[in-house]
>>> print(open('data39.txt').read())   # compact mmCIF, C-alpha atoms and all ligand atoms
# COMPACT_ATOMS: atom_id res chain seq x y z
CA MET A 825 -21.54 23.99 6.98
CA LYS A 826 -20.41 20.46 6.28
CA LYS A 827 -17.06 19.04 7.32
CA THR A 828 -15.47 16.51 5.02
CA TYR A 829 -13.64 13.32 5.90
CA LEU A 830 -11.33 11.33 3.63
CA LEU A 831 -11.55 7.65 4.53
CA THR A 832 -10.26 6.10 1.32
CA PRO A 833 -7.35 3.67 0.84
CA GLY A 834 -5.39 6.39 -0.95
CA PRO A 835 -5.15 9.23 -1.01
CA THR A 836 -5.34 9.44 2.76
CA PRO A 837 -5.61 12.49 5.04
CA ILE A 838 -2.57 14.65 5.68
CA PRO A 839 -1.46 15.72 9.17
CA GLU A 840 -1.44 19.47 9.81
CA SER A 841 2.34 19.65 10.27
CA VAL A 842 2.83 17.85 6.94
CA SER A 843 0.50 20.31 5.18
CA ALA A 844 2.56 23.14 6.67
CA ALA A 845 5.79 21.51 5.44
CA LEU A 846 4.31 21.09 1.95
CA ALA A 847 3.49 24.80 1.87
CA ARG A 848 7.02 25.98 2.71
CA PRO A 849 8.72 28.22 0.12
CA LEU A 850 10.25 26.11 -2.61
CA ILE A 851 13.99 25.47 -2.45
CA HIS A 852 16.24 24.40 -5.31
CA HIS A 853 17.21 20.75 -5.38
CA ARG A 854 20.88 21.19 -6.35
CA THR A 855 21.67 22.78 -2.97
CA LYS A 856 23.06 21.77 0.40
CA ALA A 857 19.70 22.60 2.00
CA PHE A 858 17.93 20.03 -0.18
CA GLU A 859 20.68 17.47 0.36
CA ALA A 860 20.30 17.74 4.14
CA ILE A 861 16.55 17.05 3.87
CA PHE A 862 17.15 14.20 1.42
CA GLU A 863 19.68 12.59 3.75
CA GLU A 864 17.16 12.69 6.60
CA VAL A 865 14.48 11.17 4.33
CA ARG A 866 16.84 8.38 3.23
CA ALA A 867 17.51 7.45 6.85
CA GLY A 868 13.79 7.54 7.69
CA LEU A 869 12.90 5.34 4.73
CA ARG A 870 15.54 2.77 5.66
CA GLU A 871 13.94 2.57 9.12
CA LEU A 872 10.47 2.20 7.61
CA PHE A 873 11.59 -0.48 5.16
CA GLN A 874 13.68 -2.10 7.92
CA THR A 875 16.59 -2.43 5.53
CA LYS A 876 20.24 -1.52 5.16
CA GLN A 877 19.70 -1.03 1.42
CA GLU A 878 19.19 2.30 -0.28
CA VAL A 879 15.45 3.10 -0.60
CA LEU A 880 15.13 4.93 -3.91
CA LEU A 881 12.65 7.76 -4.32
CA LEU A 882 10.98 8.12 -7.70
CA THR A 883 8.79 10.98 -8.84
CA ALA A 884 5.80 8.88 -9.82
CA THR A 885 2.79 7.22 -8.26
CA GLY A 886 3.16 3.69 -6.90
CA THR A 887 2.59 2.13 -10.32
CA GLY A 888 5.78 3.89 -11.47
CA ALA A 889 7.82 1.86 -8.98
CA MET A 890 6.09 -1.36 -10.13
CA ASP A 891 6.99 -0.45 -13.71
CA ALA A 892 10.57 0.41 -12.66
CA ALA A 893 10.94 -2.95 -10.90
CA VAL A 894 9.97 -4.92 -13.99
CA ALA A 895 11.97 -2.77 -16.43
CA ASN A 896 15.15 -2.86 -14.32
CA LEU A 897 15.17 -6.48 -13.15
CA PHE A 898 14.27 -8.64 -16.09
CA SER A 899 15.46 -9.46 -19.59
CA SER A 900 13.58 -10.28 -22.76
CA GLY A 901 12.29 -13.83 -22.72
CA ASP A 902 12.09 -13.98 -18.89
CA GLU A 903 9.05 -15.43 -17.17
CA VAL A 904 7.53 -14.33 -13.88
CA LEU A 905 4.95 -15.75 -11.51
CA VAL A 906 2.19 -13.30 -10.59
CA LEU A 907 -0.07 -13.82 -7.57
CA ASN A 908 -3.30 -12.17 -8.65
CA ALA A 909 -5.66 -11.56 -5.73
CA GLY A 910 -7.39 -8.63 -7.43
CA LYS A 911 -6.96 -5.51 -9.49
CA PHE A 912 -3.43 -4.73 -8.36
CA GLY A 913 -2.24 -8.30 -8.83
CA GLU A 914 -3.63 -8.04 -12.33
CA ARG A 915 -1.58 -4.85 -12.75
CA TRP A 916 1.63 -6.86 -12.27
CA THR A 917 0.53 -9.12 -15.11
CA LEU A 918 -0.25 -6.15 -17.37
CA ILE A 919 3.10 -4.48 -16.67
CA ALA A 920 5.07 -7.68 -17.22
CA GLN A 921 3.18 -8.32 -20.47
CA ALA A 922 3.77 -4.74 -21.61
CA TYR A 923 7.51 -5.51 -21.44
CA GLY A 924 7.01 -8.76 -23.34
CA LEU A 925 7.67 -11.09 -20.39
CA GLY A 926 6.03 -14.48 -20.05
CA VAL A 927 3.55 -14.54 -17.16
CA VAL A 928 2.39 -17.52 -15.14
CA GLU A 929 -0.55 -16.26 -13.14
CA LEU A 930 -2.10 -17.77 -10.04
CA LYS A 931 -5.52 -16.21 -9.56
CA ALA A 932 -7.23 -16.26 -6.17
CA GLN A 933 -11.00 -16.48 -5.75
CA VAL A 934 -12.39 -13.01 -5.09
CA GLY A 935 -11.73 -12.17 -1.42
CA ASP A 936 -9.21 -15.00 -0.95
CA SER A 937 -5.50 -14.91 -0.27
CA PHE A 938 -2.89 -17.52 -1.27
CA ASN A 939 -1.87 -20.63 0.57
CA PRO A 940 1.95 -20.59 0.50
CA ARG A 941 1.94 -24.30 -0.42
CA ILE A 942 0.16 -23.47 -3.69
CA VAL A 943 2.89 -20.92 -4.38
CA GLU A 944 5.59 -23.53 -3.66
CA GLU A 945 3.84 -25.96 -6.04
CA ALA A 946 3.63 -23.35 -8.77
CA LEU A 947 7.34 -22.64 -8.44
CA LYS A 948 8.07 -26.38 -8.76
CA ASP A 949 5.83 -26.62 -11.83
CA HIS A 950 7.49 -23.61 -13.43
CA PRO A 951 11.22 -23.81 -12.75
CA GLU A 952 11.78 -21.26 -15.53
CA VAL A 953 10.27 -18.28 -13.62
CA LYS A 954 12.69 -15.66 -12.36
CA ALA A 955 10.54 -13.96 -9.73
CA ILE A 956 7.22 -13.85 -7.87
CA LEU A 957 5.35 -10.55 -8.20
CA PHE A 958 2.66 -9.99 -5.59
CA GLN A 959 0.95 -7.57 -3.20
CA ALA A 960 1.30 -7.50 0.58
CA SER A 961 -2.20 -6.02 0.80
CA GLU A 962 -4.54 -6.27 -2.19
CA THR A 963 -6.46 -3.03 -1.90
CA SER A 964 -9.25 -3.96 -4.32
CA THR A 965 -10.47 -6.88 -2.19
CA GLY A 966 -9.09 -6.00 1.26
CA VAL A 967 -6.99 -9.16 1.39
CA ARG A 968 -3.64 -9.59 3.13
CA LEU A 969 -1.12 -11.98 1.59
CA PRO A 970 1.38 -14.12 3.58
CA VAL A 971 4.46 -12.11 2.65
CA LYS A 972 6.94 -13.90 4.91
CA GLU A 973 5.97 -17.33 3.60
CA ILE A 974 5.92 -16.20 -0.04
CA CYS A 975 9.43 -14.76 0.35
CA ALA A 976 10.63 -17.99 1.99
CA ALA A 977 9.19 -19.99 -0.94
CA ALA A 978 10.91 -17.65 -3.40
CA GLN A 979 14.24 -18.02 -1.62
CA ALA A 980 13.95 -21.81 -1.48
CA ALA A 981 13.30 -21.87 -5.23
CA GLY A 982 16.10 -19.38 -5.97
CA VAL A 983 13.78 -16.75 -7.45
CA LEU A 984 13.20 -13.13 -6.46
CA SER A 985 10.27 -11.90 -4.35
CA VAL A 986 8.93 -8.57 -5.62
CA CYS A 987 6.42 -7.14 -3.18
CA ASP A 988 4.02 -4.26 -3.85
CA ALA A 989 3.45 -2.96 -0.33
CA ILE A 990 1.73 0.23 -1.48
CA THR A 991 -1.09 -0.15 1.08
CA ALA A 992 0.96 -2.21 3.52
CA LEU A 993 4.25 -0.54 4.36
CA GLY A 994 3.76 1.53 7.50
CA VAL A 995 0.52 -0.36 8.20
CA PHE A 996 1.85 -3.73 9.33
CA ASP A 997 5.25 -5.24 9.90
CA LEU A 998 7.25 -5.97 6.72
CA PRO A 999 10.89 -6.21 7.75
CA MET A 1000 12.61 -6.27 4.37
CA ASP A 1001 16.01 -7.61 5.37
CA SER A 1002 15.01 -10.16 7.99
CA TRP A 1003 12.24 -11.64 5.81
CA GLY A 1004 14.40 -11.60 2.71
CA ILE A 1005 12.03 -9.47 0.64
CA ASP A 1006 14.08 -8.90 -2.51
CA VAL A 1007 12.19 -5.88 -3.80
CA LEU A 1008 9.86 -3.75 -1.69
CA ILE A 1009 7.71 -0.97 -3.09
CA THR A 1010 5.45 1.69 -1.66
CA GLY A 1011 3.84 5.01 -2.57
CA SER A 1012 3.36 8.36 -0.88
CA GLN A 1013 -0.42 8.75 -0.63
CA LYS A 1014 -1.10 5.87 1.77
CA ALA A 1015 0.55 5.24 5.16
CA LEU A 1016 3.15 7.91 4.44
CA MET A 1017 0.46 10.58 4.80
CA ILE A 1018 1.56 12.87 1.97
CA PRO A 1019 -0.11 13.57 -1.40
CA PRO A 1020 0.34 11.27 -4.44
CA GLY A 1021 3.49 11.74 -6.51
CA LEU A 1022 6.32 9.82 -4.86
CA ALA A 1023 7.09 6.12 -5.14
CA MET A 1024 9.74 4.27 -3.15
CA ILE A 1025 11.56 1.10 -4.09
CA ALA A 1026 14.32 -0.86 -2.36
CA LEU A 1027 16.27 -3.74 -3.86
CA GLY A 1028 18.17 -6.40 -1.91
CA ASP A 1029 21.53 -7.80 -3.00
CA ARG A 1030 20.01 -10.61 -5.11
CA ALA A 1031 17.81 -8.11 -6.92
CA TRP A 1032 20.71 -5.73 -7.64
CA LYS A 1033 22.61 -8.70 -9.03
CA MET A 1034 19.76 -9.52 -11.40
CA ALA A 1035 19.49 -5.86 -12.38
CA GLU A 1036 23.13 -6.01 -13.56
CA SER A 1037 22.19 -8.23 -16.48
CA SER A 1038 18.71 -6.81 -17.23
CA ASN A 1039 18.24 -5.79 -20.86
CA LEU A 1040 14.67 -4.44 -20.94
CA PRO A 1041 14.37 -0.89 -22.28
CA HIS A 1042 14.01 1.93 -19.77
CA PHE A 1043 15.13 5.52 -19.49
CA TYR A 1044 13.33 7.63 -16.85
CA PHE A 1045 13.24 4.85 -14.26
CA ASP A 1046 16.92 3.91 -14.25
CA LEU A 1047 17.45 2.40 -10.81
CA LYS A 1048 21.20 2.00 -11.13
CA LYS A 1049 21.54 5.67 -12.02
CA GLU A 1050 19.20 6.65 -9.17
CA LYS A 1051 21.18 4.53 -6.70
CA LYS A 1052 24.40 6.34 -7.60
CA MET A 1053 22.78 9.77 -7.40
CA GLN A 1054 20.69 9.17 -4.28
CA ALA A 1055 23.70 7.88 -2.33
CA LYS A 1056 24.96 11.46 -2.82
CA ASN A 1057 21.61 12.95 -1.69
CA GLN A 1058 20.67 13.88 -5.23
CA THR A 1059 18.23 12.48 -7.78
CA ALA A 1060 18.78 11.77 -11.46
CA TRP A 1061 16.01 14.17 -12.53
CA THR A 1062 14.24 17.12 -10.91
CA PRO A 1063 12.54 15.58 -7.88
CA ALA A 1064 9.13 16.47 -6.43
CA ILE A 1065 10.89 18.79 -3.98
CA SER A 1066 7.84 19.84 -1.94
CA LEU A 1067 6.69 16.24 -1.53
CA ILE A 1068 10.14 15.30 -0.26
CA VAL A 1069 9.99 18.14 2.28
CA GLY A 1070 6.55 16.83 3.34
CA LEU A 1071 7.92 13.30 3.52
CA ALA A 1072 10.67 14.40 5.91
CA GLU A 1073 7.94 15.65 8.24
CA SER A 1074 5.73 12.55 7.94
CA LEU A 1075 8.71 10.25 8.57
CA LYS A 1076 9.43 12.32 11.68
CA LEU A 1077 5.86 11.73 12.88
CA ILE A 1078 6.22 7.99 12.26
CA ARG A 1079 9.52 7.91 14.16
CA GLU A 1080 7.99 9.84 17.08
CA GLU A 1081 5.03 7.46 17.33
CA GLY A 1082 7.32 4.44 16.89
CA LEU A 1083 6.96 1.88 14.12
CA GLN A 1084 5.55 -0.83 16.37
CA ALA A 1085 3.01 1.62 17.83
CA VAL A 1086 2.01 2.63 14.29
CA PHE A 1087 1.37 -1.04 13.46
CA ALA A 1088 -0.58 -1.56 16.72
CA ARG A 1089 -2.77 1.46 15.96
CA HIS A 1090 -3.60 0.17 12.49
CA GLU A 1091 -4.37 -3.27 13.90
CA MET A 1092 -6.71 -1.78 16.51
CA LEU A 1093 -8.52 0.33 13.89
CA ALA A 1094 -8.92 -2.68 11.59
CA GLN A 1095 -10.25 -4.83 14.43
CA ALA A 1096 -12.72 -2.15 15.48
CA THR A 1097 -13.96 -1.78 11.90
CA ARG A 1098 -14.41 -5.54 11.54
CA ALA A 1099 -16.26 -5.72 14.88
CA ALA A 1100 -18.60 -2.96 13.70
CA VAL A 1101 -19.22 -4.72 10.39
CA ALA A 1102 -20.19 -7.93 12.21
CA ALA A 1103 -22.42 -6.05 14.68
CA LEU A 1104 -24.27 -4.45 11.75
CA GLY A 1105 -25.01 -7.87 10.26
CA LEU A 1106 -22.69 -7.27 7.31
CA GLU A 1107 -20.20 -9.66 5.79
CA LEU A 1108 -16.50 -9.16 5.08
CA LEU A 1109 -15.34 -9.88 1.53
CA ALA A 1110 -12.00 -11.17 2.82
CA LYS A 1111 -13.12 -13.45 5.63
CA LYS A 1112 -10.00 -15.55 6.08
CA SER A 1113 -7.23 -13.06 5.60
CA PRO A 1114 -8.47 -9.48 5.93
CA SER A 1115 -6.01 -6.66 5.40
CA THR A 1116 -5.07 -4.33 8.23
CA ALA A 1117 -5.19 -1.45 5.75
CA VAL A 1118 -8.68 -1.63 4.33
CA THR A 1119 -11.88 -3.48 5.20
CA ALA A 1120 -13.93 -4.62 2.21
CA VAL A 1121 -17.58 -5.24 3.08
CA LYS A 1122 -20.25 -6.92 0.97
CA VAL A 1123 -23.26 -4.77 0.16
CA PRO A 1124 -26.21 -6.36 2.02
CA ALA A 1125 -28.96 -8.05 0.01
CA ALA A 1126 -31.58 -5.45 0.96
CA ILE A 1127 -29.65 -2.78 -0.94
CA LYS A 1128 -30.00 -3.26 -4.68
CA ASP A 1129 -27.69 -0.47 -5.83
CA GLY A 1130 -24.52 -0.66 -3.73
CA LYS A 1131 -23.01 2.35 -5.46
CA LEU A 1132 -25.49 4.52 -3.53
CA ILE A 1133 -23.72 3.83 -0.21
CA PRO A 1134 -20.50 5.78 -0.96
CA LYS A 1135 -22.47 8.35 -2.92
CA ILE A 1136 -24.87 9.23 -0.09
CA MET A 1137 -22.11 9.03 2.53
CA ARG A 1138 -20.15 11.61 0.56
CA ASP A 1139 -22.95 13.87 -0.71
CA LYS A 1140 -25.09 13.95 2.42
CA TYR A 1141 -22.59 13.45 5.23
CA GLY A 1142 -19.23 14.55 3.75
CA VAL A 1143 -17.59 11.17 4.36
CA THR A 1144 -15.66 9.83 1.36
CA ILE A 1145 -15.18 6.07 1.20
CA VAL A 1146 -14.84 3.91 -1.92
CA GLY A 1147 -16.90 1.13 -3.46
CA GLY A 1148 -15.68 -1.80 -5.52
CA GLN A 1149 -13.88 -1.72 -8.86
CA ASP A 1150 -14.64 -3.68 -12.04
CA GLU A 1151 -16.55 -6.88 -11.23
CA LEU A 1152 -16.96 -5.70 -7.61
CA GLU A 1153 -18.55 -2.39 -8.58
CA GLY A 1154 -21.76 -1.91 -6.60
CA LYS A 1155 -21.10 -5.14 -4.69
CA ILE A 1156 -18.73 -3.97 -1.96
CA ILE A 1157 -17.74 -0.90 -0.03
CA ARG A 1158 -14.24 -0.35 1.33
CA LEU A 1159 -13.54 1.33 4.64
CA SER A 1160 -9.96 2.48 4.99
CA HIS A 1161 -7.86 2.79 8.14
CA ILE A 1162 -4.52 3.81 6.69
CA GLY A 1163 -2.13 6.52 7.76
CA TYR A 1164 -3.32 9.61 9.60
CA CYS A 1165 -6.34 7.86 11.04
CA ASP A 1166 -7.43 7.39 14.63
CA ARG A 1167 -10.34 5.99 16.64
CA PHE A 1168 -12.66 8.89 16.01
CA ASP A 1169 -12.16 8.80 12.25
CA ILE A 1170 -13.43 5.24 12.42
CA VAL A 1171 -16.37 6.26 14.61
CA THR A 1172 -17.25 9.05 12.16
CA GLY A 1173 -17.11 6.74 9.15
CA LEU A 1174 -19.19 4.09 10.86
CA SER A 1175 -21.79 6.64 12.00
CA ALA A 1176 -22.32 7.84 8.43
CA LEU A 1177 -22.42 4.24 7.21
CA GLU A 1178 -25.11 3.32 9.73
CA LEU A 1179 -27.29 6.28 8.72
CA VAL A 1180 -26.96 5.44 5.03
CA LEU A 1181 -27.61 1.72 5.49
CA ALA A 1182 -30.78 2.56 7.40
CA GLU A 1183 -31.83 5.04 4.71
CA LEU A 1184 -31.35 2.42 2.00
CA GLY A 1185 -33.36 -0.26 3.79
CA HIS A 1186 -30.81 -2.45 5.59
CA PRO A 1187 -32.17 -2.97 9.12
CA VAL A 1188 -29.85 -1.10 11.50
CA GLU A 1189 -30.10 -0.38 15.18
CA LEU A 1190 -28.32 2.96 15.15
CA GLY A 1191 -25.14 2.94 17.20
CA LYS A 1192 -24.68 -0.82 17.13
CA GLY A 1193 -21.67 -0.80 14.83
CA VAL A 1194 -20.20 2.26 16.50
CA GLY A 1195 -20.72 0.61 19.90
CA ALA A 1196 -18.88 -2.53 18.80
CA ALA A 1197 -15.97 -0.39 17.60
CA LEU A 1198 -15.90 1.56 20.86
CA LYS A 1199 -15.73 -1.71 22.81
CA VAL A 1200 -12.59 -2.66 20.87
CA PHE A 1201 -11.08 0.73 21.66
CA GLN A 1202 -12.01 0.36 25.33
CA SER A 1203 -10.28 -3.00 25.54
CA GLU A 1204 -7.09 -1.77 23.87
CA ALA A 1205 -4.04 -0.95 25.93
CA ILE A 1206 -2.85 1.94 23.74
CA LEU A 1207 -5.30 4.62 24.84
C1 LIG B 1 -1.84 -2.39 -3.69
C2 LIG B 1 -1.71 -1.28 -4.68
N1 LIG B 1 -0.84 -1.40 -5.67
C3 LIG B 1 -0.67 -0.43 -6.59
C4 LIG B 1 -1.42 0.72 -6.54
C5 LIG B 1 -1.22 1.76 -7.58
O1 LIG B 1 -0.68 2.89 -7.03
P1 LIG B 1 -0.81 4.31 -7.75
O2 LIG B 1 -2.26 4.56 -7.95
O3 LIG B 1 -0.17 5.21 -6.73
O4 LIG B 1 -0.05 4.24 -9.00
C6 LIG B 1 -2.35 0.89 -5.53
C7 LIG B 1 -3.19 2.11 -5.47
O5 LIG B 1 -4.17 2.18 -4.78
C8 LIG B 1 -2.51 -0.12 -4.57
O6 LIG B 1 -3.39 0.00 -3.57
>>> encode(input="data39.txt", output="structure tokens")
Amino acid sequence: MKKTYLLTPGPTPIPESVSAALARPLIHHRTKAFEAIFEEVRAGLRELFQTKQEVLLLTATGTGAMDAAVANLFSSGDEVLVLNAGKFGERWTLIAQAYGLGVVELKAQVGDSFNPRIVEEALKDHPEVKAILFQASETSTGVRLPVKEICAAAQAAGVLSVCDAITALGVFDLPMDSWGIDVLITGSQKALMIPPGLAMIALGDRAWKMAESSNLPHFYFDLKKEKKMQAKNQTAWTPAISLIVGLAESLKLIREEGLQAVFARHEMLAQATRAAVAALGLELLAKKSPSTAVTAVKVPAAIKDGKLIPKIMRDKYGVTIVGGQDELEGKIIRLSHIGYCDRFDIVTGLSALELVLAELGHPVELGKGVGAALKVFQSEAIL
């Protein structure tokens, strides 16, 4: 018998009560029963996004909401500034280009974040751009971006801030209204602890104003239509009903734990993971600005084929983590601490990692990384 553990930055594990909610008999969506659930979900999402705006639910993965943002905000000939700190930053560029927009791209060194001053400079050099598109947490490199400062720079320059918080919302604090985040996006299979298939997007007043004059083609992702329908607890098209029922349950769990406590837990898990990494003589990829959601770790020199680490962890010990993508393939591993994750998930993941590192020839004193993580847990107030 081998138990399995899902420690990836999406999809993430699902709490038992959410699984039970997902398995409930299907209801029809054009009913009062569905509308009552949808109303509860809308309220929960507004709390999570820390906004008075409508948070729109789309039946899509997170990329669908990124696509919807571009297609509903901009007009042909517009230019945008993309902050590319990795694969998902690059996705903003690809989406914008697919709609024929001009893209000014700032590219970070691998594992680096952005200094807000560089962003301010870029906005001065390119007064024609209409918006900054960026990530709050770049999942491919484990980097956290300075969202508050980027939004302040956008406001000062009179452009929109469009933030992909797909591995950030519900992980660390991103108060949409008080920070002036114009567009905030997330997806279901991360901190929201439900399967993939729902994306969420909220627009502030400035963004809705820009959407009024947008002329890019779109049909399925029509945010104005969704806003009208969702205010009445309905969706434009058939929604992913079961996922919405599951979401009502996961939002209830988040409310019960308390948003600040959820953030504190993620911070503690990230700190414990980083302490373990250091104790094992490993190096973080994102040294200066590591994400609270995912810890990217360089494969040590003694291990020639880094892809073997996730493979052996999964095949031999049942622990699924992920490696690097594209140019980082075989060069990093990524340990996730998002969503339904607690201290002993981290201990389990680190235990398997230690065994595999030792097997592959990286010198490890077994228990050293786990011990460093436990010390962080011991020192934490929220026990
Ligand atoms: C930061 C970020 N943006 C966008 C995406 C794309 O989301 P999806 O795969 O749900 O379309 C992901 C997925 O991991 C992500 O981590």
>>> atom_distance(input="data39.txt", atom1="CA of Tyr1141 in chain A", atom2="CA of Gly910 in chain A")
29.6 Å
>>> residues_near_point(input="data39.txt", point="(-25.5, -5.4, 13.9)", cutoff="12 Å", atoms="all atoms listed in the file", output="JSON, numbers by chain")
{"A": [1098, 1099, 1100, 1101, 1102, 1103, 1104, 1105, 1106, 1107, 1124, 1174, 1178, 1181, 1182, 1186, 1187, 1188, 1189, 1190, 1191, 1192, 1193, 1194, 1195, 1196, 1197]}
>>> residues_near_ligand(input="data39.txt", ligand="ligand LIG 1 (chain B)", cutoff="6 Å", atoms="only C-alpha atoms and all ligand atoms", output="number ranges by chain")
A: 834, 885-887, 912, 959, 961-963, 988, 990-991, 1011
>>> closest_residue(input="data39.txt", among="A:Leu1067, A:Ile1018, A:Ala1088, A:Ala1120", to="Val934 in chain A", atoms="only C-alpha atoms")
A:Ala1120
>>> residues_around(input="data39.txt", residues="Ala1035 in chain A", least_positions_apart="3", cutoff="10 Å", atoms="all atoms listed in the file", output="list in words")
Ala893, Val894, Ala895, Asn896, Leu897, Phe898, Ser899, Leu1027, Asp1029, Arg1030, Ala1031, Trp1032, Ser1038, Asn1039, Leu1040, Leu1047 and Lys1048 of chain A
>>> residues_near_point(input="data39.txt", point="(-8.2, -13.8, 2.9)", cutoff="12 Å", atoms="all atoms listed in the file", output="PyMOL selection string")
chain A and resi 909-910+932-939+960-963+965-970+1108-1116+1119-1120
>>> closest_residue(input="data39.txt", among="A:Thr1172, A:Asn1057, A:Thr855, A:Thr883", to="Met1024 in chain A", atoms="all atoms listed in the file")
A:Thr883
>>> closest_residue(input="data39.txt", among="A:Ala1064, A:Ala845, A:Ala860, A:Leu882", to="Lys1051 in chain A", atoms="only C-alpha atoms")
A:Leu882
>>> closest_residue(input="data39.txt", among="A:Gly901, A:Gly888, A:Gly1142, A:Gly1082", to="Gly994 in chain A", atoms="all atoms listed in the file")
A:Gly1082
>>> atom_distance(input="data39.txt", atom1="CA of Val904 in chain A", atom2="CA of Phe1045 in chain A")
20.0 Å
>>> closest_residue(input="data39.txt", among="A:Cys1165, A:Val1121, A:Met890, A:Val927", to="Ala989 in chain A", atoms="only C-alpha atoms")
A:Met890
>>> atom_distance(input="data39.txt", atom1="CA of Arg915 in chain A", atom2="CA of Ala1060 in chain A")
26.3 Å
>>> residues_around(input="data39.txt", residues="His1090 in chain A", least_positions_apart="3", cutoff="12 Å", atoms="all atoms listed in the file", output="MDAnalysis selection string")
chainID A and resid 991:997 1015 1083:1087 1093:1097 1115:1119 1160:1167 1170 1201 1206
>>> closest_residue(input="data39.txt", among="A:Leu957, A:Val943, A:Leu869, A:Val1200", to="Leu881 in chain A", atoms="all atoms listed in the file")
A:Leu869
